[in-house]
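S.K.: This is entry.txt (compact mmCIF, C-alpha atoms).
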# COMPACT_ATOMS: atom_id res chain seq x y z
CA MET A 17 121.51 56.21 39.82
CA SER A 18 122.06 54.69 36.45
CA VAL A 19 124.99 52.30 36.20
CA GLU A 20 124.48 50.82 39.64
CA THR A 21 120.87 49.69 39.20
CA THR A 22 121.90 46.19 38.18
CA ILE A 23 124.34 45.59 41.02
CA THR A 24 124.36 41.96 42.19
CA THR A 25 124.03 40.66 45.72
CA GLU A 26 127.55 39.33 45.43
CA ARG A 27 128.87 42.76 44.53
CA ILE A 28 126.97 44.36 47.41
CA GLU A 29 128.55 41.89 49.81
CA GLN A 30 132.01 42.56 48.41
CA ARG A 31 131.66 46.28 48.86
CA ILE A 32 130.34 46.01 52.39
CA THR A 33 133.15 43.60 53.24
CA ALA A 34 135.72 46.01 51.87
CA PHE A 35 134.36 48.85 53.97
CA VAL A 36 134.06 46.81 57.18
CA THR A 37 137.50 45.19 56.93
CA GLY A 38 139.02 48.57 56.09
CA ARG A 39 137.63 49.96 59.29
CA VAL A 40 138.24 47.13 61.75
CA LYS A 41 141.55 46.25 60.06
CA THR A 42 141.04 42.49 60.20
CA GLU A 43 139.46 39.78 58.00
CA VAL A 44 135.71 39.52 58.58
CA PRO A 45 133.74 36.51 57.25
CA PRO A 46 130.22 37.43 56.02
CA GLU A 47 128.41 35.49 58.74
CA GLN A 48 130.48 36.73 61.69
CA ASP A 49 128.49 38.50 64.43
CA LEU A 50 130.20 41.87 64.57
CA PHE A 51 128.59 43.00 67.80
CA ALA A 52 129.17 39.76 69.73
CA THR A 53 132.85 39.69 68.79
CA GLY A 54 133.23 43.29 69.89
CA LEU A 55 134.46 44.34 66.46
CA VAL A 56 131.78 46.93 66.04
CA SER A 57 130.43 49.46 68.50
CA SER A 58 127.06 51.12 68.27
CA MET A 59 129.04 54.10 67.08
CA PHE A 60 130.47 52.28 64.12
CA ALA A 61 127.00 50.92 63.39
CA MET A 62 125.86 54.51 62.91
CA GLU A 63 128.61 55.07 60.40
CA LEU A 64 127.56 51.90 58.62
CA VAL A 65 124.04 53.25 58.19
CA VAL A 66 125.31 56.39 56.52
CA GLN A 67 127.84 54.48 54.43
CA LEU A 68 125.29 51.95 53.13
CA GLU A 69 122.83 54.70 52.22
CA GLN A 70 125.42 56.62 50.25
CA ASP A 71 127.03 53.65 48.58
CA PHE A 72 123.87 51.92 47.46
CA ALA A 73 121.46 54.84 47.09
CA VAL A 74 118.95 53.48 49.59
CA GLN A 75 117.20 54.99 52.59
CA ILE A 76 117.22 53.03 55.82
CA LEU A 77 114.34 54.24 57.94
CA GLY A 78 112.33 53.42 61.06
CA ASN A 79 112.32 49.81 62.14
CA ASP A 80 114.86 48.89 59.44
CA LEU A 81 117.46 50.67 61.59
CA LYS A 82 117.36 47.85 64.13
CA ARG A 83 120.65 46.42 65.28
CA ASP A 84 119.99 42.94 63.85
CA ASN A 85 120.13 44.36 60.33
CA PHE A 86 123.74 45.42 60.96
CA ARG A 87 124.85 42.40 62.94
CA SER A 88 126.90 40.85 60.13
CA ILE A 89 127.98 41.54 56.58
CA GLU A 90 125.40 38.91 55.53
CA ALA A 91 122.60 40.77 57.35
CA MET A 92 123.60 44.12 55.85
CA THR A 93 123.76 42.59 52.38
CA ALA A 94 120.24 41.20 52.81
CA LEU A 95 118.97 44.58 53.99
CA VAL A 96 120.51 46.48 51.08
CA SER A 97 119.27 43.91 48.55
CA ARG A 98 115.76 44.09 49.92
CA LEU A 99 115.70 47.88 49.94
CA ARG A 100 117.02 48.08 46.39
CA ASP A 101 114.34 45.61 45.23
CA THR A 102 111.38 47.16 47.01
CA GLU A 103 112.07 50.78 46.18
CA PRO A 104 113.29 50.98 42.60
CA SER A 105 114.71 54.48 42.16
CA ALA A 106 113.08 55.96 45.25
CA ASP A 107 114.30 59.51 45.21
CA ALA A 108 112.24 60.68 48.17
CA MET B 27 113.59 83.01 70.75
CA ALA B 28 115.32 86.41 70.64
CA GLU B 29 119.07 85.95 70.23
CA PRO B 30 121.38 88.61 71.72
CA ALA B 31 124.34 90.05 69.74
CA THR B 32 126.34 87.14 68.35
CA ILE B 33 128.89 86.25 70.99
CA VAL B 34 132.52 86.14 69.90
CA LYS B 35 133.73 82.57 70.43
CA CYS B 36 137.35 83.21 69.42
CA LEU B 37 139.47 86.36 69.40
CA VAL B 38 142.48 86.25 67.05
CA TRP B 39 145.35 88.46 68.22
CA ASP B 40 148.08 90.24 66.33
CA LEU B 41 151.29 90.35 68.42
CA ASP B 42 153.54 93.34 67.56
CA ASN B 43 152.15 96.58 69.03
CA THR B 44 148.84 94.86 69.75
CA LEU B 45 149.30 92.09 72.30
CA TRP B 46 152.69 93.42 73.31
CA GLN B 47 154.28 96.84 72.99
CA GLY B 48 157.17 96.82 70.52
CA THR B 49 158.19 94.90 67.41
CA LEU B 50 159.90 91.60 68.06
CA LEU B 51 162.26 91.80 65.07
CA GLU B 52 163.32 95.41 65.66
CA ASP B 53 163.17 96.13 69.35
CA ALA B 54 165.45 94.70 71.97
CA GLU B 55 162.57 94.33 74.37
CA VAL B 56 158.82 93.91 73.98
CA THR B 57 156.54 94.39 76.99
CA LEU B 58 153.13 93.17 77.96
CA ALA B 59 150.96 95.89 79.50
CA GLU B 60 149.22 94.85 82.69
CA PRO B 61 145.68 95.70 81.39
CA VAL B 62 146.27 93.47 78.35
CA ARG B 63 147.40 90.62 80.56
CA ARG B 64 144.24 91.05 82.63
CA LEU B 65 142.08 91.17 79.49
CA ILE B 66 143.54 87.88 78.24
CA ALA B 67 142.78 86.17 81.55
CA GLU B 68 139.31 87.73 81.73
CA LEU B 69 138.27 86.62 78.23
CA ASP B 70 139.62 83.16 79.00
CA SER B 71 137.46 82.91 82.12
CA ARG B 72 134.41 83.89 80.04
CA GLY B 73 135.02 80.98 77.69
CA VAL B 74 136.22 83.11 74.76
CA LEU B 75 139.00 81.22 73.00
CA GLN B 76 142.08 83.19 71.93
CA ALA B 77 144.33 82.51 68.96
CA VAL B 78 147.24 84.28 67.28
CA ALA B 79 147.74 85.57 63.72
CA SER B 80 151.13 87.27 63.56
CA LYS B 81 153.74 88.02 60.91
CA ASN B 82 156.87 86.83 62.65
CA ASP B 83 159.11 83.79 62.76
CA HIS B 84 157.21 81.18 64.69
CA ASP B 85 159.71 80.00 67.28
CA PRO B 86 160.97 83.33 68.69
CA ALA B 87 157.42 84.71 68.82
CA TRP B 88 156.04 81.68 70.65
CA GLN B 89 159.01 81.67 73.02
CA ARG B 90 158.28 85.29 73.83
CA LEU B 91 154.64 84.47 74.62
CA GLU B 92 155.92 81.75 76.94
CA ALA B 93 158.41 84.12 78.58
CA LEU B 94 155.62 86.63 79.15
CA GLY B 95 153.61 83.90 80.85
CA VAL B 96 150.58 83.98 78.54
CA ALA B 97 151.30 81.22 75.99
CA GLU B 98 149.00 78.78 77.77
CA PHE B 99 146.01 81.03 77.06
CA PHE B 100 146.30 80.59 73.29
CA VAL B 101 145.14 77.90 70.92
CA LEU B 102 146.18 77.50 67.28
CA PRO B 103 148.97 80.09 67.01
CA HIS B 104 149.38 81.01 63.33
CA ILE B 105 152.74 82.75 63.27
CA GLY B 106 154.32 83.08 59.84
CA TRP B 107 154.45 85.29 56.78
CA GLY B 108 151.23 84.49 54.94
CA PRO B 109 148.18 86.76 54.66
CA LYS B 110 146.34 87.13 57.98
CA SER B 111 143.00 86.38 56.32
CA ASP B 112 144.38 82.89 55.59
CA SER B 113 145.37 82.46 59.23
CA VAL B 114 141.97 83.62 60.50
CA ARG B 115 140.15 81.38 58.02
CA ALA B 116 142.28 78.39 59.05
CA ILE B 117 141.68 79.05 62.76
CA ALA B 118 137.90 79.21 62.23
CA ALA B 119 138.00 75.98 60.21
CA GLU B 120 140.10 74.13 62.77
CA LEU B 121 137.76 75.18 65.57
CA ASN B 122 134.71 74.43 63.42
CA PHE B 123 133.36 77.91 64.27
CA ALA B 124 131.31 80.09 61.91
CA LEU B 125 133.23 83.17 60.75
CA ASP B 126 130.71 85.51 62.36
CA THR B 127 131.80 84.19 65.76
CA ILE B 128 135.44 85.16 65.14
CA ALA B 129 137.01 88.52 66.04
CA PHE B 130 140.38 89.90 65.00
CA VAL B 131 142.43 92.61 66.72
CA ASP B 132 145.39 94.37 65.08
CA ASP B 133 147.02 97.80 65.34
CA GLN B 134 147.61 97.98 61.56
CA PRO B 135 144.68 99.34 59.49
CA THR B 136 146.02 97.50 56.43
CA GLU B 137 145.91 94.13 58.19
CA ARG B 138 142.38 94.74 59.43
CA ALA B 139 141.33 95.80 55.95
CA GLU B 140 142.89 92.68 54.43
CA VAL B 141 140.99 90.41 56.82
CA ALA B 142 137.76 92.39 56.42
CA PHE B 143 138.05 92.27 52.62
CA HIS B 144 138.40 88.49 52.39
CA LEU B 145 136.31 87.59 55.44
CA PRO B 146 133.60 90.25 55.81
CA GLU B 147 131.82 88.25 58.57
CA VAL B 148 134.84 88.51 60.89
CA ARG B 149 134.62 91.44 63.31
CA CYS B 150 137.84 93.49 63.28
CA TYR B 151 139.00 95.73 66.13
CA ASP B 152 141.67 98.39 66.33
CA ALA B 153 144.22 97.60 69.05
CA ARG B 154 143.38 100.97 70.61
CA ARG B 155 140.00 99.47 71.60
CA LEU B 156 141.58 96.73 73.72
CA ALA B 157 140.93 98.78 76.85
CA VAL B 158 137.16 98.57 76.36
CA LEU B 159 136.91 95.16 74.71
CA ASP B 160 135.72 93.37 77.83
CA GLU B 161 132.82 95.82 78.16
CA LEU B 162 131.42 95.11 74.68
CA PRO B 163 128.29 92.93 74.60
CA GLU B 164 129.76 90.57 71.98
CA PHE B 165 132.52 89.67 74.46
CA SER B 166 130.08 89.21 77.35
CA PRO B 167 128.30 85.84 77.22
CA PRO B 168 125.03 86.00 79.21
CA THR B 169 125.75 82.93 81.32
CA VAL B 170 129.27 81.82 82.10
CA THR B 171 129.01 78.11 82.80
CA VAL B 172 131.35 75.79 84.61
CA ASP B 173 132.42 74.44 81.23
CA ALA B 174 132.92 77.88 79.67
CA ARG B 175 135.70 78.54 82.14
CA ARG B 176 137.38 75.32 81.04
CA ARG B 177 136.59 75.64 77.34
CA ARG B 178 140.13 76.51 76.30
CA GLU B 179 141.49 73.59 78.27
CA MET B 180 138.98 71.30 76.59
CA TYR B 181 139.97 72.48 73.12
CA GLN B 182 143.66 72.08 73.90
CA ALA B 183 142.97 68.53 75.09
CA GLY B 184 141.01 68.02 71.87
CA PHE B 185 143.99 68.97 69.72
CA ARG B 186 146.28 66.59 71.60
CA ARG B 187 143.65 63.86 71.25
CA LYS B 188 143.37 64.43 67.51
CA ALA B 189 147.13 64.22 67.09
CA ALA B 190 147.14 60.94 69.01
CA GLU B 191 144.36 59.54 66.82
CA THR B 192 146.24 60.47 63.66
CA ASP B 193 149.30 58.63 64.96
CA PHE B 194 147.35 55.60 66.13
CA GLN B 195 147.52 52.46 63.97
CA GLY B 196 144.83 49.85 64.52
CA PRO B 197 141.08 49.40 64.88
CA SER B 198 139.13 52.46 65.97
CA GLU B 199 137.69 50.52 68.92
CA GLU B 200 141.18 50.00 70.22
CA PHE B 201 141.93 53.67 69.87
CA LEU B 202 138.83 54.47 71.91
CA ARG B 203 140.01 52.13 74.65
CA SER B 204 143.44 53.78 74.61
CA LEU B 205 141.79 57.10 75.47
CA GLU B 206 140.80 55.75 78.91
CA LEU B 207 137.38 57.39 78.70
CA VAL B 208 135.51 57.83 81.97
CA MET B 209 131.85 58.87 82.04
CA HIS B 210 129.92 59.99 85.10
CA ILE B 211 126.12 60.20 85.08
CA ARG B 212 124.77 62.24 87.99
CA ARG B 213 121.58 63.93 89.08
CA ALA B 214 121.78 67.58 88.05
CA SER B 215 122.00 70.17 90.79
CA GLY B 216 123.28 73.65 91.56
CA THR B 217 126.01 74.78 89.21
CA GLU B 218 125.29 71.97 86.81
CA LEU B 219 121.96 73.54 85.84
CA SER B 220 123.57 76.24 83.73
CA ARG B 221 125.68 73.76 81.80
CA VAL B 222 122.58 71.66 81.25
CA GLU B 223 120.80 74.61 79.74
CA GLU B 224 123.75 75.39 77.54
CA LEU B 225 123.71 71.81 76.36
CA THR B 226 120.11 71.96 75.20
CA LEU B 227 120.85 75.23 73.39
CA ARG B 228 124.07 74.21 71.72
CA THR B 229 123.37 70.64 70.72
CA SER B 230 120.52 70.92 68.23
CA GLN B 231 122.19 68.19 66.23
CA MET B 232 121.81 65.62 68.93
CA ASN B 233 118.63 66.79 70.58
CA ALA B 234 116.03 64.09 70.12
CA THR B 235 112.98 66.29 70.50
CA GLY B 236 114.19 69.72 69.46
CA VAL B 237 112.40 71.06 72.56
CA HIS B 238 114.36 73.64 74.49
CA TYR B 239 114.05 73.47 78.26
CA SER B 240 114.79 76.80 79.93
CA LEU B 241 116.44 77.13 83.33
CA PRO B 242 113.09 77.70 85.12
CA ASP B 243 111.57 74.66 83.32
CA LEU B 244 114.47 72.54 84.50
CA ARG B 245 114.40 73.93 88.06
CA ALA B 246 110.73 73.04 88.33
CA LEU B 247 111.46 69.52 87.12
CA LEU B 248 114.36 69.14 89.57
CA ALA B 249 111.95 69.72 92.41
CA ASP B 250 109.48 67.16 91.06
CA PRO B 251 110.21 63.76 92.62
CA ARG B 252 108.80 61.94 89.59
CA HIS B 253 111.32 63.54 87.24
CA GLU B 254 115.00 62.81 86.90
CA VAL B 255 117.34 65.39 85.36
CA LEU B 256 120.63 63.65 84.70
CA VAL B 257 123.89 65.09 83.44
CA ALA B 258 126.67 63.04 81.88
CA THR B 259 130.25 64.27 82.01
CA LEU B 260 133.17 62.73 80.13
CA ALA B 261 136.93 62.84 80.56
CA ASP B 262 139.87 60.98 79.09
CA ARG B 263 143.62 60.85 79.51
CA PHE B 264 143.99 64.13 77.64
CA GLY B 265 141.63 66.05 79.88
CA PRO B 266 137.97 66.87 80.43
CA HIS B 267 135.22 67.01 77.81
CA GLY B 268 132.88 68.60 80.36
CA ALA B 269 129.12 68.03 80.35
CA VAL B 270 128.29 66.00 77.26
CA GLY B 271 124.81 64.63 77.85
CA LEU B 272 121.46 65.49 79.36
CA GLU B 273 118.55 63.19 80.10
CA LEU B 274 115.11 64.21 81.22
CA LEU B 275 113.14 61.26 82.51
CA ALA B 276 109.63 61.00 83.95
CA LYS B 277 109.18 57.90 86.10
CA HIS B 278 105.74 56.28 86.08
CA GLU B 279 104.73 53.03 87.72
CA ARG B 280 105.12 50.75 84.70
CA VAL B 281 107.05 52.92 82.32
CA TRP B 282 109.90 55.40 82.33
CA HIS B 283 109.40 58.19 79.84
CA LEU B 284 112.52 59.70 78.26
CA LYS B 285 111.35 63.19 77.37
CA LEU B 286 114.67 64.52 76.24
CA LEU B 287 118.09 63.19 75.42
CA ALA B 288 120.70 65.66 74.22
CA THR B 289 124.35 64.89 73.69
CA SER B 290 127.18 67.16 72.63
CA CYS B 291 128.25 66.80 69.01
CA ARG B 292 131.85 66.98 70.27
CA VAL B 293 131.61 63.45 71.62
CA VAL B 294 129.54 61.69 68.95
CA SER B 295 132.58 59.77 67.79
CA PHE B 296 133.05 58.29 71.26
CA GLY B 297 129.58 56.76 71.22
CA ALA B 298 128.53 58.77 74.27
CA GLY B 299 124.85 58.73 73.25
CA SER B 300 124.79 54.95 73.00
CA VAL B 301 126.49 54.55 76.37
CA ILE B 302 123.95 56.84 78.04
CA LEU B 303 121.05 54.99 76.41
CA GLY B 304 122.54 51.60 77.26
CA ARG B 305 122.81 52.52 80.90
CA LEU B 306 119.20 53.75 80.98
CA VAL B 307 117.96 50.52 79.38
CA ASP B 308 119.86 48.49 81.96
CA GLU B 309 118.41 50.50 84.87
CA ALA B 310 114.88 50.17 83.44
CA ALA B 311 115.30 46.42 83.02
CA ARG B 312 116.35 46.09 86.65
CA ALA B 313 113.44 48.27 87.77
CA GLY B 314 111.03 46.11 85.76
CA VAL B 315 109.58 48.97 83.73
CA HIS B 316 109.21 49.64 80.01
CA LEU B 317 110.83 52.60 78.29
CA VAL B 318 109.17 55.13 76.03
CA ALA B 319 111.26 57.80 74.30
CA ASP B 320 110.00 60.95 72.62
CA PHE B 321 111.46 61.60 69.24
CA ARG B 322 110.79 64.34 66.75
CA ARG B 323 112.68 64.10 63.49
CA THR B 324 114.54 67.25 62.54
CA GLU B 325 116.98 67.86 59.74
CA ARG B 326 119.87 67.52 62.13
CA ASN B 327 119.13 64.73 64.58
CA ARG B 328 119.30 61.63 62.41
CA MET B 329 122.19 60.26 64.50
CA MET B 330 119.92 60.37 67.53
CA GLU B 331 117.24 58.31 65.78
CA ILE B 332 119.86 55.78 64.75
CA ALA B 333 121.10 55.60 68.35
CA TYR B 334 117.55 54.91 69.60
CA ARG B 335 116.88 52.27 66.96
CA MET B 336 120.24 50.56 67.46
CA THR B 337 119.53 50.40 71.16
CA GLY B 338 116.32 48.53 70.34
CA PHE B 339 113.58 51.17 70.36
CA THR B 340 110.78 50.39 67.88
CA ASP B 341 107.44 51.77 66.66
CA GLU B 342 105.63 48.94 68.48
CA ALA B 343 102.48 50.08 70.24
CA CYS B 344 102.38 49.01 73.88
CA GLY B 345 99.75 49.42 76.59
CA CYS B 346 102.33 51.01 78.87
CA ALA B 347 102.10 54.29 76.94
CA ALA B 348 98.49 54.68 78.10
CA GLU B 349 99.88 56.01 81.39
CA LEU B 350 101.45 58.97 79.58
CA ALA B 351 99.87 62.28 78.67
CA ALA B 352 99.77 63.00 74.94
CA PRO B 353 102.88 64.73 73.57
CA ALA B 354 102.80 68.48 74.21
CA GLU B 355 104.30 69.31 70.84
CA GLU B 356 103.37 68.35 67.34
CA GLY B 357 105.25 65.73 65.37
CA VAL B 358 106.57 63.88 68.40
CA GLN B 359 106.80 60.11 67.89
CA ARG B 360 106.85 57.72 70.83
CA LEU B 361 109.37 54.93 70.49
CA HIS B 362 109.04 51.89 72.72
CA LEU B 363 111.47 49.41 74.25
CA HIS B 364 111.03 46.37 76.44
CA PRO B 365 114.34 46.61 78.29
CA THR B 366 116.75 43.75 78.92
CA PRO B 367 119.89 43.95 81.08
CA GLN B 368 122.84 45.44 79.20
CA ALA B 369 126.54 44.66 79.35
CA PRO B 370 128.73 47.55 80.50
CA PRO B 371 130.15 49.64 77.65
CA PRO B 372 133.29 48.05 76.13
CA THR B 373 135.08 51.33 75.43
CA MET B 374 134.70 53.40 78.57
CA GLU B 375 134.51 53.29 82.34
CA LEU B 376 131.04 54.25 83.53
CA HIS B 377 129.99 55.57 86.95
CA ALA B 378 126.26 56.18 87.09
CA VAL B 379 123.73 57.00 89.76
CA SER B 380 121.09 54.34 90.41
CA LEU B 381 117.64 55.45 89.33
CA ARG B 382 115.81 52.77 91.30
CA ASP B 383 115.89 54.53 94.66
CA GLY B 384 113.50 57.38 94.11
Show me, as C-alpha cells, the structure contained in the file I just sent.
M.R.:
Amino acid sequence: MSVETTITTERIEQRITAFVTGRVKTEVPPEQDLFATGLVSSMFAMELVVQLEQDFAVQILGNDLKRDNFRSIEAMTALVSRLRDTEPSADA
Amino acid sequence: MAEPATIVKCLVWDLDNTLWQGTLLEDAEVTLAEPVRRLIAELDSRGVLQAVASKNDHDPAWQRLEALGVAEFFVLPHIGWGPKSDSVRAIAAELNFALDTIAFVDDQPTERAEVAFHLPEVRCYDARRLAVLDELPEFSPPTVTVDARRRREMYQAGFRRKAAETDFQGPSEEFLRSLELVMHIRRASGTELSRVEELTLRTSQMNATGVHYSLPDLRALLADPRHEVLVATLADRFGPHGAVGLELLAKHERVWHLKLLATSCRVVSFGAGSVILGRLVDEAARAGVHLVADFRRTERNRMMEIAYRMTGFTDEACGCAAELAAPAEEGVQRLHLHPTPQAPPPTMELHAVSLRDG
C-alpha cells in the first residue's frame, strides 16, 4: 500500500459506485437504499465485503460487518473512509 | 480423526479396449461387456462420478456411448486427440476436485505412464483390474448417503445451470429468480441423518463452529425434545442440489441457541445460508425469544461470520445468555440477536417447518 494511501473520499465513492453498478447493471445514486429496493441480496453484500477489503486494503471485522454499513454506496464510503483513517497501514 | 484411504470421487475412463472391447476407428463393432456395464452402474450408485478421456473423434465416440446405453452415467467427456493428462487435469479442475481424488483407467501402459508422469497424485489402473475395482477400498465409500446416489445427477444439473448463467444477461438477482429455487427446511429423521453427517464433514468452509457432530451425537440430540436438528434441501429448475444446510438448535425458555449452522459450499452463491438464518430469525421473533449463535473463527468460515453479522447478530452482551451452559470448546464466541419478523426471501420459494410447536 503505497500509491493508494492518499485516496480521497470522492475517489472511494466512485470506485464503489463502479463496482455496484457493474454488478446490478443499473444506475445507483449514492444515497439509494440497496436492500430496500431489492437491488442487493445478503449474498451480494458478502461479495461487497470482500471487494471493499481488497480494493481499499482495509479489514472489516466484528460489528463493522453489520448490514447498515452496506446499505448504500454512501454508507460503504463512510465505512471505508473511517477504516482507512483509524488504521493507517494496518497489516495485521 | 483417523481418515480411511482417500476415496476416489471421480473415475476417468479410456474407451477403446477399456470401457468397450474393440477400437472404434478400426473395428466394425465394439461391445460392452456385461460386468463393465454393471461396474459403471455400481460406481454411480456409490456416488463415484465417472468421466471420459479418450483419443477418438468426439461425435462418433459419444454416439456409441449413447447407443450402448451408458452415456447418461458420464460427466465431462473429454474425447479428442490431446494428451490424456490434459484431459484428466481439466476434468479435476472443472469438478473442483483435488487430484488425489481422481482415478484413471486405461489398457495402454503408455497412456497410464503419461498421466502418472504429469499428475503423480492421480491413481492409475490397468483395464485388466476392472473386474476387481468395485472391491477396492478407495472405491468403497463408508456411508452411501441419499445424496451420494444422486451426486452425478446433481453435477449434471450444475453444468446446465452454469451454462444458463453464462448465457444470462441482466442483474444477478434476476438470474437467481430465473432458477426457480425451492428450499425445504425439515426436521431431520431416518435416512436424512447420514446426509446430515456428511454435511458436517464436507462443509468445513461454511461450518460456523468447526465442531463435528458424529451420527451418535446427532441421534442423541434427535431424541432430546429441547433440541431441533433441521435439514435444508434445495432444488431448482435444473434439478436437485440435495441437502445443503444443517441447523442444530437448543430451545430454552427465553432464548434459542444455535449451536451449529453448516451450509454446503456448492450453494453459497444462492444465498442459502442467509435464507436459513432469515427464517430462523423470523421464527424466533414470533416465538418471542432471543437468539444466540455459537461462532468460532477458522481460516475458512469467514463467509459464515459475514452471514451472521449481515443478519444482525452482534457482540452485545445480553442477560438471556445466562440460561446457557458455557461453550464446551475453546474459542467459541457467542453472538446475540434480538429478532424481528423477517420478509420472505426474494429469490427463492421457502417451505419450512414451524419451530413453535415443540
S.K.: Using only C-alpha atoms, find the residues of chain A whose closest atom to chain B is at most 12 Å away, then write them as a VMD selection string.
M.R.: chain A and resid 36 to 43 51 to 66 76 to 87
S.K.: Pick from A:Asp49, A:Thr25, A:Ala34, A:Gln67: nearest to Arg98 (chain A), with only C-alpha atoms counted?
M.R.: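 That would be A:Thr25, the residue with the smallest distance to Arg98 (chain A).
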S.K.: Enter the distance from CA of Trp107 (chain B) to CA of Lys81 (chain B), in Å, rounded to one decimal.
M.R.: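 It comes out at 5.0 Å.
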S.K.: Need to verify the contact set: Thr102 (chain A), 12 Å, only C-alpha atoms, exclusion of same-chain residues closer than 5 positions in sequence. Can you return it as a list in words?
M.R.: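 The filter keeps Val74, Gln75, Leu95, Val96 and Ser97 of chain A.
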S.K.: Which one of B:Thr192, B:Gln359, B:Ser290, B:Gln368 sits closest to Arg312 (chain B) if you count only C-alpha atoms?
M.R.: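 Using only C-alpha atoms, the shortest distance to Arg312 (chain B) belongs to B:Gln368.
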S.K.: Here is a test: counting only C-alpha atoms, which residue of B:Val38, B:Glu68, B:Arg186, B:Val255 is nearest to Arg138 (chain B)?
M.R.: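 Result for the nearest residue to Arg138 (chain B): B:Val38.
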S.K.: One number please: CA of Glu52 (chain B) to CA of Ala142 (chain B), in Å, one decimal.
M.R.: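 Atom-to-atom, CA of Glu52 (chain B) and CA of Ala142 (chain B) are spaced 27.3 Å apart.
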S.K.: Taking all atoms of region 33-50 of chain A that the file lists, what box with edges along x, y and z, padded by 5 Å per side, do you get, with centre and edge lengths in Å to one decimal, as lines of an AutoDock Vina configuration file?
M.R.:
center_x = 135.0
center_y = 42.7
center_z = 58.2
size_x = 23.1
size_y = 24.5
size_z = 22.7
S.K.: Could N, CA, C and O atoms be built for region 93-104 of chain A and written out as a PDB file, in the coordinates of the input?
M.R.:
ATOM      1  N   THR A  93     123.957  42.875  53.802  1.00  0.00           N
ATOM      2  CA  THR A  93     123.760  42.590  52.380  1.00  0.00           C
ATOM      3  C   THR A  93     122.280  42.317  52.104  1.00  0.00           C
ATOM      4  O   THR A  93     121.713  42.831  51.131  1.00  0.00           O
ATOM      5  N   ALA A  94     121.666  41.522  52.982  1.00  0.00           N
ATOM      6  CA  ALA A  94     120.240  41.200  52.810  1.00  0.00           C
ATOM      7  C   ALA A  94     119.398  42.476  52.889  1.00  0.00           C
ATOM      8  O   ALA A  94     118.480  42.676  52.088  1.00  0.00           O
ATOM      9  N   LEU A  95     119.733  43.325  53.824  1.00  0.00           N
ATOM     10  CA  LEU A  95     118.970  44.580  53.990  1.00  0.00           C
ATOM     11  C   LEU A  95     119.079  45.437  52.733  1.00  0.00           C
ATOM     12  O   LEU A  95     118.073  45.913  52.195  1.00  0.00           O
ATOM     13  N   VAL A  96     120.293  45.628  52.258  1.00  0.00           N
ATOM     14  CA  VAL A  96     120.510  46.480  51.080  1.00  0.00           C
ATOM     15  C   VAL A  96     119.805  45.873  49.863  1.00  0.00           C
ATOM     16  O   VAL A  96     119.121  46.584  49.113  1.00  0.00           O
ATOM     17  N   SER A  97     119.921  44.566  49.690  1.00  0.00           N
ATOM     18  CA  SER A  97     119.270  43.910  48.550  1.00  0.00           C
ATOM     19  C   SER A  97     117.773  44.131  48.593  1.00  0.00           C
ATOM     20  O   SER A  97     117.148  44.474  47.588  1.00  0.00           O
ATOM     21  N   ARG A  98     117.205  43.925  49.776  1.00  0.00           N
ATOM     22  CA  ARG A  98     115.760  44.090  49.920  1.00  0.00           C
ATOM     23  C   ARG A  98     115.334  45.522  49.611  1.00  0.00           C
ATOM     24  O   ARG A  98     114.384  45.760  48.880  1.00  0.00           O
ATOM     25  N   LEU A  99     116.074  46.491  50.159  1.00  0.00           N
ATOM     26  CA  LEU A  99     115.700  47.880  49.940  1.00  0.00           C
ATOM     27  C   LEU A  99     115.836  48.283  48.476  1.00  0.00           C
ATOM     28  O   LEU A  99     115.028  49.042  47.958  1.00  0.00           O
ATOM     29  N   ARG A 100     116.844  47.739  47.815  1.00  0.00           N
ATOM     30  CA  ARG A 100     117.020  48.080  46.390  1.00  0.00           C
ATOM     31  C   ARG A 100     115.925  47.457  45.540  1.00  0.00           C
ATOM     32  O   ARG A 100     115.531  48.000  44.527  1.00  0.00           O
ATOM     33  N   ASP A 101     115.410  46.272  45.979  1.00  0.00           N
ATOM     34  CA  ASP A 101     114.340  45.610  45.230  1.00  0.00           C
ATOM     35  C   ASP A 101     112.999  46.295  45.441  1.00  0.00           C
ATOM     36  O   ASP A 101     112.222  46.465  44.518  1.00  0.00           O
ATOM     37  N   THR A 102     112.728  46.685  46.706  1.00  0.00           N
ATOM     38  CA  THR A 102     111.380  47.160  47.010  1.00  0.00           C
ATOM     39  C   THR A 102     111.184  48.623  46.675  1.00  0.00           C
ATOM     40  O   THR A 102     110.065  49.067  46.555  1.00  0.00           O
ATOM     41  N   GLU A 103     112.269  49.385  46.553  1.00  0.00           N
ATOM     42  CA  GLU A 103     112.070  50.780  46.180  1.00  0.00           C
ATOM     43  C   GLU A 103     112.927  51.125  44.981  1.00  0.00           C
ATOM     44  O   GLU A 103     113.946  51.789  45.115  1.00  0.00           O
ATOM     45  N   PRO A 104     112.494  50.674  43.786  1.00  0.00           N
ATOM     46  CA  PRO A 104     113.290  50.980  42.600  1.00  0.00           C
ATOM     47  C   PRO A 104     113.296  52.477  42.361  1.00  0.00           C
ATOM     48  O   PRO A 104     112.237  53.080  42.208  1.00  0.00           O
TER      49      PRO A 104
END
